[in-house]
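Participant: Pasting a structure below so you can have a look.
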Amino acid sequence: MISSIDDYRSIVGDEVIHTIFRKAGKVAHKHIVHINSTFQGGGVAEILASLVSLMNDVGIFTGWRILHGSPDFFSITKKFHNALQGGNVNLTSIKKELYTDYNEYFSRFTHLNHDLVIVHDPQPLPMIKYYRKRQPWIWRCHVDLSNPNPALWEYLKSFIIRYDMVIVSNESFKKNDLPVPQRVHYPCIDPLSAKNKPLDKNTIKKYLNKFGIPNGKPIITQISRFDKWKDPEGVLKIFELVKKEVDCRLVLCGNLAADDPEGGVIYQRVLQKAKNMKDVIIILEENNILVNALQSTASVVIQKSLREGFGLTVTEALWKRRPVVASNAGGIPLQIIDGKTGFLVKPNDLEGFASKIIKLLKEPELAHELGENGRAHVKENFLITRSLLDYLEVIQEFFD
Ligand code: UDP
């Protein structure tokens, strides 16, 4: 069933719904379009799937376009993504040409007569160059921009300065060297989506069974794209340490995103590393109910990101009252207040991760308390209605 804004009343209360309608009324009949580069896989697609539908439901004509890339285009944009998060890149003219060519090609047949264009992440960033600009454009960057590769940043800035606003996910991602106004919006989850709605015990059991996850031992899990920044190999090492103290099972569940060609290689490497490990289950699936079932049932959820724009997987787990042990990286500390809504650990501190996980496995009351606090924190700050309000405010600013 497709949710409508009324369905959120029982979760967020009448005042929030009233504010949404009041703000939406002021910008109704505007045509907005979101552009990103994948329909499935990763946090941006997850957010847009709910946001675009709800924006329409409250009266804003909102479209969604997905940039058509090829494997070589996405291999370049993934390199850019890595370099934006601090890695190296050899910025050759071939790479730049492929990057801009696909954007130019897509823009030829993607007619944008909207009142406002919102471009997500670096893949479609150069599109702006190929239009006669007749409306405001926003670049919504979901990537951790705290330490970008300087050469790449300089190159991307040539596109960014054409925009009217940049929105990032964290105060620390704002850039001093940009003349463009910058905002912070927190990403959000949809509490009514298949991934986050409450599941009954039988459904959970059925799905865990279907994907070969036996019961009988506490489950610890990380649910993330197979991506080096999510460090699944580090999670295996942590599990070895935990397993020495507490008998439990590790489920590493991941998907691949169409715009991330490195995923298959990382997946194979993880499979190889885990080949002889007992009680490790590795799942490669695109299945929201499975993710929901795992997040609803795990004794501890891990998010061992080395860099992280925000980390919706953390939000999803907190919403399901799970105790989370996660890296002190990117947007995660906005969600995890150490010792209150979960535990924060330095990204490479394997012992630190293991000791917090062991503590939570041994102290269910503490786990319960953190889970309850986490749920309240998400309810207050990171539900889709918040995101909707943030966008309505920005739209209103442009048309006041
Ligand atoms: N996800 C999923 N299946 C998986 C792994 C991840 O559906 O096997 C979803 C996850 O539930 C979350 C999104 O992909 O909604 C990942 O968003 P996040 O912000 O954590 O990371 P990103 O992939 O955008 O870097």
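Note on naming: chains are A, B, ... as they come in the structure tokens, residues start from 1 per chain, ligands start from 1 in the order shown.
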Tell me which protein, DNA and RNA residues are within 12 Å of Asn287 in chain A, counting only C-alpha atoms, leaving out same-chain ones fewer than 2 positions away, and put them as a list in words.
Facilitator: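 Non-adjacent residues within range: Gln40, Gly41, Ala194, Lys195, Tyr207, Leu208, Lys210, Phe211, Ile223, Cys253, Gly254, Asn255, Leu256, Ile283, Leu284, Glu285, Ile289, Leu290, Val291, Asn292, Ala293 and Leu294 of chain A.
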Participant: Tell me, counting only C-alpha atoms and all ligand atoms, for each residue of chain A within 10 Å of ligand 1, which pair of atoms is nearest and how far apart they are in Å to one decimal, in rows ordered by chain and increasing number, as a tab-separated table.
Facilitator:
residue	atom	partner	partner_atom_place_in_ligand_line	distance
A:Gln40	CA	ligand 1	7 (O)	8.3
A:Gly41	CA	ligand 1	14 (O)	5.4
A:Gly42	CA	ligand 1	23 (O)	3.4
A:Gly43	CA	ligand 1	17 (O)	3.3
A:Val44	CA	ligand 1	24 (O)	5.9
A:Ala45	CA	ligand 1	13 (C)	7.9
A:Glu46	CA	ligand 1	15 (O)	5.4
A:Ile47	CA	ligand 1	15 (O)	7.8
A:His142	CA	ligand 1	24 (O)	7.8
A:Val143	CA	ligand 1	25 (O)	8.0
A:Asp144	CA	ligand 1	25 (O)	9.7
A:Pro187	CA	ligand 1	19 (O)	8.1
A:Cys188	CA	ligand 1	19 (O)	9.3
A:Ile189	CA	ligand 1	15 (O)	7.7
A:Asp190	CA	ligand 1	15 (O)	9.6
A:Lys195	CA	ligand 1	11 (O)	7.0
A:Asn196	CA	ligand 1	11 (O)	9.0
A:Gln222	CA	ligand 1	5 (C)	8.5
A:Ile223	CA	ligand 1	5 (C)	4.8
A:Ser224	CA	ligand 1	5 (C)	3.9
A:Arg225	CA	ligand 1	5 (C)	4.9
A:Phe226	CA	ligand 1	5 (C)	8.0
A:Asp227	CA	ligand 1	25 (O)	8.3
A:Trp229	CA	ligand 1	25 (O)	8.3
A:Lys230	CA	ligand 1	25 (O)	7.9
A:Leu252	CA	ligand 1	8 (O)	8.4
A:Cys253	CA	ligand 1	8 (O)	4.9
A:Gly254	CA	ligand 1	8 (O)	3.2
A:Asn255	CA	ligand 1	8 (O)	3.9
A:Leu256	CA	ligand 1	8 (O)	7.6
A:Ala257	CA	ligand 1	23 (O)	7.9
A:Asp260	CA	ligand 1	23 (O)	9.5
A:Ile283	CA	ligand 1	8 (O)	7.6
A:Leu284	CA	ligand 1	8 (O)	6.5
A:Glu285	CA	ligand 1	8 (O)	5.6
A:Glu286	CA	ligand 1	3 (N)	5.4
A:Asn287	CA	ligand 1	7 (O)	6.2
A:Asn288	CA	ligand 1	7 (O)	5.5
A:Ile289	CA	ligand 1	7 (O)	8.8
A:Leu290	CA	ligand 1	3 (N)	8.2
A:Val291	CA	ligand 1	3 (N)	6.0
A:Asn292	CA	ligand 1	11 (O)	7.9
A:Gln295	CA	ligand 1	11 (O)	9.0
A:Gln303	CA	ligand 1	20 (O)	8.5
A:Ser305	CA	ligand 1	25 (O)	9.1
A:Arg307	CA	ligand 1	25 (O)	9.0
A:Glu308	CA	ligand 1	25 (O)	6.7
A:Gly309	CA	ligand 1	19 (O)	6.8
A:Phe310	CA	ligand 1	19 (O)	5.5
A:Gly311	CA	ligand 1	19 (O)	3.7
A:Leu312	CA	ligand 1	19 (O)	3.8
A:Thr313	CA	ligand 1	20 (O)	4.1
A:Val314	CA	ligand 1	20 (O)	6.7
A:Thr315	CA	ligand 1	20 (O)	8.2
A:Glu316	CA	ligand 1	11 (O)	7.0
A:Ala317	CA	ligand 1	11 (O)	8.9
A:Gly331	CA	ligand 1	19 (O)	9.3
A:Ile332	CA	ligand 1	19 (O)	9.7
Participant: Step one, run DSSP on the backbone; step two, keep only residues of range 253-369 of chain A assigned to strand (DSSP E or B); then write them as number ranges by chain.
Facilitator: A: 253-254, 280-284, 300-303, 324-327, 338, 342-345
Participant: Pick from A:Leu334, A:Ala367, A:Ile220, A:Ala326: nearest to Val246 in chain A, with only C-alpha atoms counted?
Facilitator: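 Of all the options, A:Ile220 lies closest to Val246 in chain A.
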Participant: Residues at most 10 Å from Leu236 in chain A, counting only C-alpha atoms, excluding those fewer than 6 positions away in the same chain, as a PyMOL selection string?
Facilitator: chain A and resi 242+250-252+270+273-274+277+280+350
Participant: For a quick check of understanding, using only C-alpha atoms, which of A:Lys379, A:Arg65, A:Lys157, A:His114 has the smallest distance to Leu178 in chain A?
Facilitator: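 Checking each candidate against Leu178 in chain A, we get A:Lys157 as the closest.
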Participant: Which residues come within 7 Å of Ile138 in chain A, counting only C-alpha atoms, excluding same-chain residues fewer than 2 positions away, as a list in words?
Facilitator: Val117, Ile118, Val119, Pro136, Arg140, Tyr163, Asp164, Met165 and Val166 of chain A
Participant: Of the candidates A:Val345, A:Met127, A:Ile20, A:Val89, which one gets nearest to Asp101 in chain A if we count only C-alpha atoms?
Facilitator: A:Met127
Participant: One number please: CA of Trp153 in chain A to CA of Val180 in chain A, in Å, one decimal.
Facilitator: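 CA of Val180 in chain A lies at a distance of 14.4 Å from CA of Trp153 in chain A.
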Participant: Counting only C-alpha atoms, which of A:Arg249, A:Arg134, A:Arg321, A:Lys23 gets nearest to Pro218 in chain A?
Facilitator: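 Counting only C-alpha atoms, the residue closest to Pro218 in chain A is A:Arg249.
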Participant: Need the shell around Glu372 in chain A: protein/DNA/RNA residues with any atom at most 8 Å away, counting only C-alpha atoms. Skip same-chain ones fewer than 4 positions apart. Format as a list in words?
Facilitator: Arg321, Thr341, His368 and Ala376 of chain A
Participant: Could you write out that same residue set with N, CA and C atoms as a short mmCIF file (atom, residue, chain, number, x, y, z; two decimals), in the first residue's frame?
Facilitator:
data_model
loop_
_atom_site.label_atom_id
_atom_site.label_comp_id
_atom_site.auth_asym_id
_atom_site.auth_seq_id
_atom_site.Cartn_x
_atom_site.Cartn_y
_atom_site.Cartn_z
N ARG A 321 14.40 0.00 17.90
CA ARG A 321 14.82 -0.15 19.30
C ARG A 321 16.01 -1.10 19.46
N THR A 341 22.08 6.52 23.29
CA THR A 341 21.26 5.87 22.24
C THR A 341 22.05 4.76 21.54
N HIS A 368 18.24 -2.82 26.19
CA HIS A 368 16.85 -2.36 26.09
C HIS A 368 16.76 -0.84 26.29
N ALA A 376 13.30 7.02 20.53
CA ALA A 376 12.79 8.37 20.82
C ALA A 376 13.59 9.42 20.04
#
Participant: Which value, in Å to one decimal, gives the distance between CA of Lys243 in chain A and CA of Ile213 in chain A?
Facilitator: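 Straight-line distance from CA of Lys243 in chain A to CA of Ile213 in chain A works out to 17.2 Å.
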Participant: Interatomic distance between CA of Ala24 in chain A and CA of Glu171 in chain A?
Facilitator: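 Distance reported for this atom pair: 26.2 Å.
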Participant: Would you mind listing what lies within 12 Å of Thr110 in chain A as a PDB file with all heavy atoms, in the first residue's frame, with only C-alpha atoms counted and same-chain residues fewer than 4 positions away left out?
Facilitator:
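The result, written out as out20.pdb:
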ATOM      1  N   VAL A  33      11.637  18.829  -9.527  1.00  0.00           N
ATOM      2  CA  VAL A  33      12.134  17.520  -9.990  1.00  0.00           C
ATOM      3  C   VAL A  33      13.390  17.140  -9.214  1.00  0.00           C
ATOM      4  O   VAL A  33      14.249  17.981  -8.940  1.00  0.00           O
ATOM      5  CB  VAL A  33      12.380  17.513 -11.523  1.00  0.00           C
ATOM      6  CG1 VAL A  33      13.471  18.481 -11.950  1.00  0.00           C
ATOM      7  CG2 VAL A  33      12.689  16.104 -12.014  1.00  0.00           C
ATOM      8  N   ILE A  35      16.680  14.589  -9.217  1.00  0.00           N
ATOM      9  CA  ILE A  35      17.482  13.783 -10.138  1.00  0.00           C
ATOM     10  C   ILE A  35      18.574  13.068  -9.337  1.00  0.00           C
ATOM     11  O   ILE A  35      19.312  13.712  -8.579  1.00  0.00           O
ATOM     12  CB  ILE A  35      18.155  14.658 -11.223  1.00  0.00           C
ATOM     13  CG1 ILE A  35      17.092  15.491 -11.949  1.00  0.00           C
ATOM     14  CG2 ILE A  35      18.948  13.786 -12.201  1.00  0.00           C
ATOM     15  CD1 ILE A  35      17.666  16.530 -12.898  1.00  0.00           C
ATOM     16  N   GLY A  63       8.553  15.409  -9.724  1.00  0.00           N
ATOM     17  CA  GLY A  63       9.014  14.315 -10.582  1.00  0.00           C
ATOM     18  C   GLY A  63      10.309  13.721 -10.068  1.00  0.00           C
ATOM     19  O   GLY A  63      10.961  14.262  -9.161  1.00  0.00           O
ATOM     20  N   TRP A  64      10.693  12.613 -10.670  1.00  0.00           N
ATOM     21  CA  TRP A  64      11.929  11.924 -10.283  1.00  0.00           C
ATOM     22  C   TRP A  64      12.570  11.393 -11.562  1.00  0.00           C
ATOM     23  O   TRP A  64      11.942  10.622 -12.291  1.00  0.00           O
ATOM     24  CB  TRP A  64      11.575  10.788  -9.304  1.00  0.00           C
ATOM     25  CG  TRP A  64      12.756  10.020  -8.771  1.00  0.00           C
ATOM     26  CD1 TRP A  64      14.062  10.270  -8.976  1.00  0.00           C
ATOM     27  CD2 TRP A  64      12.698   8.867  -7.920  1.00  0.00           C
ATOM     28  NE1 TRP A  64      14.836   9.353  -8.301  1.00  0.00           N
ATOM     29  CE2 TRP A  64      14.029   8.487  -7.648  1.00  0.00           C
ATOM     30  CE3 TRP A  64      11.653   8.126  -7.352  1.00  0.00           C
ATOM     31  CZ2 TRP A  64      14.332   7.382  -6.841  1.00  0.00           C
ATOM     32  CZ3 TRP A  64      11.960   7.038  -6.547  1.00  0.00           C
ATOM     33  CH2 TRP A  64      13.282   6.680  -6.302  1.00  0.00           C
ATOM     34  N   ARG A  65      13.776  11.850 -11.869  1.00  0.00           N
ATOM     35  CA  ARG A  65      14.500  11.370 -13.042  1.00  0.00           C
ATOM     36  C   ARG A  65      15.752  10.648 -12.586  1.00  0.00           C
ATOM     37  O   ARG A  65      16.403  11.099 -11.629  1.00  0.00           O
ATOM     38  CB  ARG A  65      14.929  12.533 -13.942  1.00  0.00           C
ATOM     39  CG  ARG A  65      13.802  13.457 -14.353  1.00  0.00           C
ATOM     40  CD  ARG A  65      12.954  12.864 -15.469  1.00  0.00           C
ATOM     41  NE  ARG A  65      11.920  13.811 -15.851  1.00  0.00           N
ATOM     42  CZ  ARG A  65      10.708  13.885 -15.279  1.00  0.00           C
ATOM     43  NH1 ARG A  65      10.376  13.062 -14.299  1.00  0.00           N
ATOM     44  NH2 ARG A  65       9.834  14.797 -15.688  1.00  0.00           N
ATOM     45  N   ILE A  66      16.075   9.587 -13.285  1.00  0.00           N
ATOM     46  CA  ILE A  66      17.261   8.809 -12.913  1.00  0.00           C
ATOM     47  C   ILE A  66      18.251   8.807 -14.068  1.00  0.00           C
ATOM     48  O   ILE A  66      17.935   8.360 -15.183  1.00  0.00           O
ATOM     49  CB  ILE A  66      16.857   7.384 -12.492  1.00  0.00           C
ATOM     50  CG1 ILE A  66      16.069   7.490 -11.175  1.00  0.00           C
ATOM     51  CG2 ILE A  66      18.101   6.511 -12.279  1.00  0.00           C
ATOM     52  CD1 ILE A  66      15.222   6.326 -10.860  1.00  0.00           C
ATOM     53  N   LEU A  67      19.422   9.335 -13.794  1.00  0.00           N
ATOM     54  CA  LEU A  67      20.464   9.450 -14.820  1.00  0.00           C
ATOM     55  C   LEU A  67      20.835   8.060 -15.343  1.00  0.00           C
ATOM     56  O   LEU A  67      21.104   7.149 -14.562  1.00  0.00           O
ATOM     57  CB  LEU A  67      21.697  10.114 -14.182  1.00  0.00           C
ATOM     58  CG  LEU A  67      22.967  10.200 -15.012  1.00  0.00           C
ATOM     59  CD1 LEU A  67      22.813  11.225 -16.117  1.00  0.00           C
ATOM     60  CD2 LEU A  67      24.137  10.606 -14.131  1.00  0.00           C
ATOM     61  N   HIS A  68      20.827   7.911 -16.660  1.00  0.00           N
ATOM     62  CA  HIS A  68      21.227   6.630 -17.249  1.00  0.00           C
ATOM     63  C   HIS A  68      22.733   6.623 -17.409  1.00  0.00           C
ATOM     64  O   HIS A  68      23.268   7.359 -18.234  1.00  0.00           O
ATOM     65  CB  HIS A  68      20.590   6.445 -18.635  1.00  0.00           C
ATOM     66  CG  HIS A  68      19.096   6.499 -18.607  1.00  0.00           C
ATOM     67  ND1 HIS A  68      18.331   5.547 -17.991  1.00  0.00           N
ATOM     68  CD2 HIS A  68      18.227   7.408 -19.110  1.00  0.00           C
ATOM     69  CE1 HIS A  68      17.055   5.854 -18.122  1.00  0.00           C
ATOM     70  NE2 HIS A  68      16.957   6.987 -18.783  1.00  0.00           N
ATOM     71  N   ASN A 103      26.458  13.096 -18.798  1.00  0.00           N
ATOM     72  CA  ASN A 103      25.555  14.124 -18.301  1.00  0.00           C
ATOM     73  C   ASN A 103      24.956  14.927 -19.451  1.00  0.00           C
ATOM     74  O   ASN A 103      23.759  15.224 -19.470  1.00  0.00           O
ATOM     75  CB  ASN A 103      26.289  15.043 -17.323  1.00  0.00           C
ATOM     76  CG  ASN A 103      26.259  14.505 -15.908  1.00  0.00           C
ATOM     77  OD1 ASN A 103      25.322  14.748 -15.173  1.00  0.00           O
ATOM     78  ND2 ASN A 103      27.280  13.730 -15.540  1.00  0.00           N
ATOM     79  N   GLU A 104      25.793  15.220 -20.432  1.00  0.00           N
ATOM     80  CA  GLU A 104      25.301  15.994 -21.575  1.00  0.00           C
ATOM     81  C   GLU A 104      24.285  15.167 -22.368  1.00  0.00           C
ATOM     82  O   GLU A 104      23.220  15.655 -22.751  1.00  0.00           O
ATOM     83  CB  GLU A 104      26.466  16.407 -22.483  1.00  0.00           C
ATOM     84  CG  GLU A 104      26.001  17.286 -23.628  1.00  0.00           C
ATOM     85  CD  GLU A 104      27.146  17.839 -24.466  1.00  0.00           C
ATOM     86  OE1 GLU A 104      28.312  17.466 -24.222  1.00  0.00           O
ATOM     87  OE2 GLU A 104      26.855  18.649 -25.372  1.00  0.00           O
ATOM     88  N   TYR A 105      24.629  13.902 -22.577  1.00  0.00           N
ATOM     89  CA  TYR A 105      23.753  13.003 -23.337  1.00  0.00           C
ATOM     90  C   TYR A 105      22.381  12.897 -22.661  1.00  0.00           C
ATOM     91  O   TYR A 105      21.336  13.058 -23.293  1.00  0.00           O
ATOM     92  CB  TYR A 105      24.432  11.633 -23.423  1.00  0.00           C
ATOM     93  CG  TYR A 105      23.589  10.554 -24.036  1.00  0.00           C
ATOM     94  CD1 TYR A 105      23.237  10.599 -25.383  1.00  0.00           C
ATOM     95  CD2 TYR A 105      23.162   9.475 -23.269  1.00  0.00           C
ATOM     96  CE1 TYR A 105      22.463   9.591 -25.944  1.00  0.00           C
ATOM     97  CE2 TYR A 105      22.390   8.469 -23.823  1.00  0.00           C
ATOM     98  CZ  TYR A 105      22.043   8.536 -25.159  1.00  0.00           C
ATOM     99  OH  TYR A 105      21.274   7.551 -25.710  1.00  0.00           O
ATOM    100  N   PHE A 106      22.400  12.669 -21.337  1.00  0.00           N
ATOM    101  CA  PHE A 106      21.144  12.524 -20.588  1.00  0.00           C
ATOM    102  C   PHE A 106      20.329  13.810 -20.647  1.00  0.00           C
ATOM    103  O   PHE A 106      19.102  13.788 -20.780  1.00  0.00           O
ATOM    104  CB  PHE A 106      21.473  12.148 -19.135  1.00  0.00           C
ATOM    105  CG  PHE A 106      20.268  11.907 -18.277  1.00  0.00           C
ATOM    106  CD1 PHE A 106      19.413  10.844 -18.530  1.00  0.00           C
ATOM    107  CD2 PHE A 106      19.973  12.734 -17.195  1.00  0.00           C
ATOM    108  CE1 PHE A 106      18.294  10.600 -17.736  1.00  0.00           C
ATOM    109  CE2 PHE A 106      18.863  12.506 -16.397  1.00  0.00           C
ATOM    110  CZ  PHE A 106      18.030  11.439 -16.675  1.00  0.00           C
ATOM    111  N   HIS A 114      10.786  22.467 -15.046  1.00  0.00           N
ATOM    112  CA  HIS A 114      10.274  22.600 -13.673  1.00  0.00           C
ATOM    113  C   HIS A 114      10.644  23.956 -13.066  1.00  0.00           C
ATOM    114  O   HIS A 114      11.495  24.669 -13.585  1.00  0.00           O
ATOM    115  CB  HIS A 114      10.848  21.470 -12.823  1.00  0.00           C
ATOM    116  CG  HIS A 114      10.537  20.116 -13.380  1.00  0.00           C
ATOM    117  ND1 HIS A 114      11.180  19.606 -14.470  1.00  0.00           N
ATOM    118  CD2 HIS A 114       9.631  19.180 -13.001  1.00  0.00           C
ATOM    119  CE1 HIS A 114      10.698  18.409 -14.747  1.00  0.00           C
ATOM    120  NE2 HIS A 114       9.755  18.137 -13.873  1.00  0.00           N
ATOM    121  N   PRO A 124      24.993  13.154 -11.225  1.00  0.00           N
ATOM    122  CA  PRO A 124      24.347  14.084 -12.174  1.00  0.00           C
ATOM    123  C   PRO A 124      24.741  15.551 -11.970  1.00  0.00           C
ATOM    124  O   PRO A 124      24.123  16.434 -12.570  1.00  0.00           O
ATOM    125  CB  PRO A 124      22.848  13.904 -11.870  1.00  0.00           C
ATOM    126  CG  PRO A 124      22.749  13.167 -10.586  1.00  0.00           C
ATOM    127  CD  PRO A 124      24.105  12.871 -10.078  1.00  0.00           C
ATOM    128  N   MET A 127      25.068  18.046 -14.954  1.00  0.00           N
ATOM    129  CA  MET A 127      23.914  18.268 -15.841  1.00  0.00           C
ATOM    130  C   MET A 127      23.591  19.745 -16.004  1.00  0.00           C
ATOM    131  O   MET A 127      23.220  20.208 -17.085  1.00  0.00           O
ATOM    132  CB  MET A 127      22.667  17.555 -15.295  1.00  0.00           C
ATOM    133  CG  MET A 127      22.534  16.112 -15.734  1.00  0.00           C
ATOM    134  SD  MET A 127      21.055  15.382 -15.024  1.00  0.00           S
ATOM    135  CE  MET A 127      19.782  16.163 -15.988  1.00  0.00           C
ATOM    136  N   ILE A 128      23.738  20.465 -14.926  1.00  0.00           N
ATOM    137  CA  ILE A 128      23.365  21.885 -14.915  1.00  0.00           C
ATOM    138  C   ILE A 128      24.024  22.668 -16.057  1.00  0.00           C
ATOM    139  O   ILE A 128      23.471  23.618 -16.589  1.00  0.00           O
ATOM    140  CB  ILE A 128      23.698  22.521 -13.539  1.00  0.00           C
ATOM    141  CG1 ILE A 128      23.098  23.914 -13.414  1.00  0.00           C
ATOM    142  CG2 ILE A 128      25.203  22.548 -13.271  1.00  0.00           C
ATOM    143  CD1 ILE A 128      23.130  24.474 -12.007  1.00  0.00           C
ATOM    144  N   TYR A 130      24.423  21.828 -19.004  1.00  0.00           N
ATOM    145  CA  TYR A 130      23.858  21.560 -20.335  1.00  0.00           C
ATOM    146  C   TYR A 130      22.422  22.072 -20.499  1.00  0.00           C
ATOM    147  O   TYR A 130      21.707  21.632 -21.397  1.00  0.00           O
ATOM    148  CB  TYR A 130      23.996  20.056 -20.656  1.00  0.00           C
ATOM    149  CG  TYR A 130      25.441  19.658 -20.523  1.00  0.00           C
ATOM    150  CD1 TYR A 130      25.900  18.931 -19.425  1.00  0.00           C
ATOM    151  CD2 TYR A 130      26.379  20.099 -21.459  1.00  0.00           C
ATOM    152  CE1 TYR A 130      27.247  18.631 -19.287  1.00  0.00           C
ATOM    153  CE2 TYR A 130      27.721  19.811 -21.322  1.00  0.00           C
ATOM    154  CZ  TYR A 130      28.142  19.081 -20.233  1.00  0.00           C
ATOM    155  OH  TYR A 130      29.480  18.805 -20.090  1.00  0.00           O
ATOM    156  N   TYR A 131      22.019  22.948 -19.613  1.00  0.00           N
ATOM    157  CA  TYR A 131      20.689  23.573 -19.753  1.00  0.00           C
ATOM    158  C   TYR A 131      20.843  25.082 -19.793  1.00  0.00           C
ATOM    159  O   TYR A 131      21.760  25.639 -19.180  1.00  0.00           O
ATOM    160  CB  TYR A 131      19.800  23.207 -18.546  1.00  0.00           C
ATOM    161  CG  TYR A 131      19.386  21.766 -18.548  1.00  0.00           C
ATOM    162  CD1 TYR A 131      20.198  20.799 -17.972  1.00  0.00           C
ATOM    163  CD2 TYR A 131      18.203  21.352 -19.159  1.00  0.00           C
ATOM    164  CE1 TYR A 131      19.837  19.467 -17.986  1.00  0.00           C
ATOM    165  CE2 TYR A 131      17.834  20.017 -19.184  1.00  0.00           C
ATOM    166  CZ  TYR A 131      18.652  19.083 -18.596  1.00  0.00           C
ATOM    167  OH  TYR A 131      18.297  17.769 -18.625  1.00  0.00           O
TER     168      TYR A 131
END
Participant: Could you pull the residues within 10 Å of Tyr391 in chain A, counting only C-alpha atoms, minus those fewer than 4 positions along the same chain, as a ChimeraX atom specification?
Facilitator: /A:23-24,51,55,185,385-387,395-397
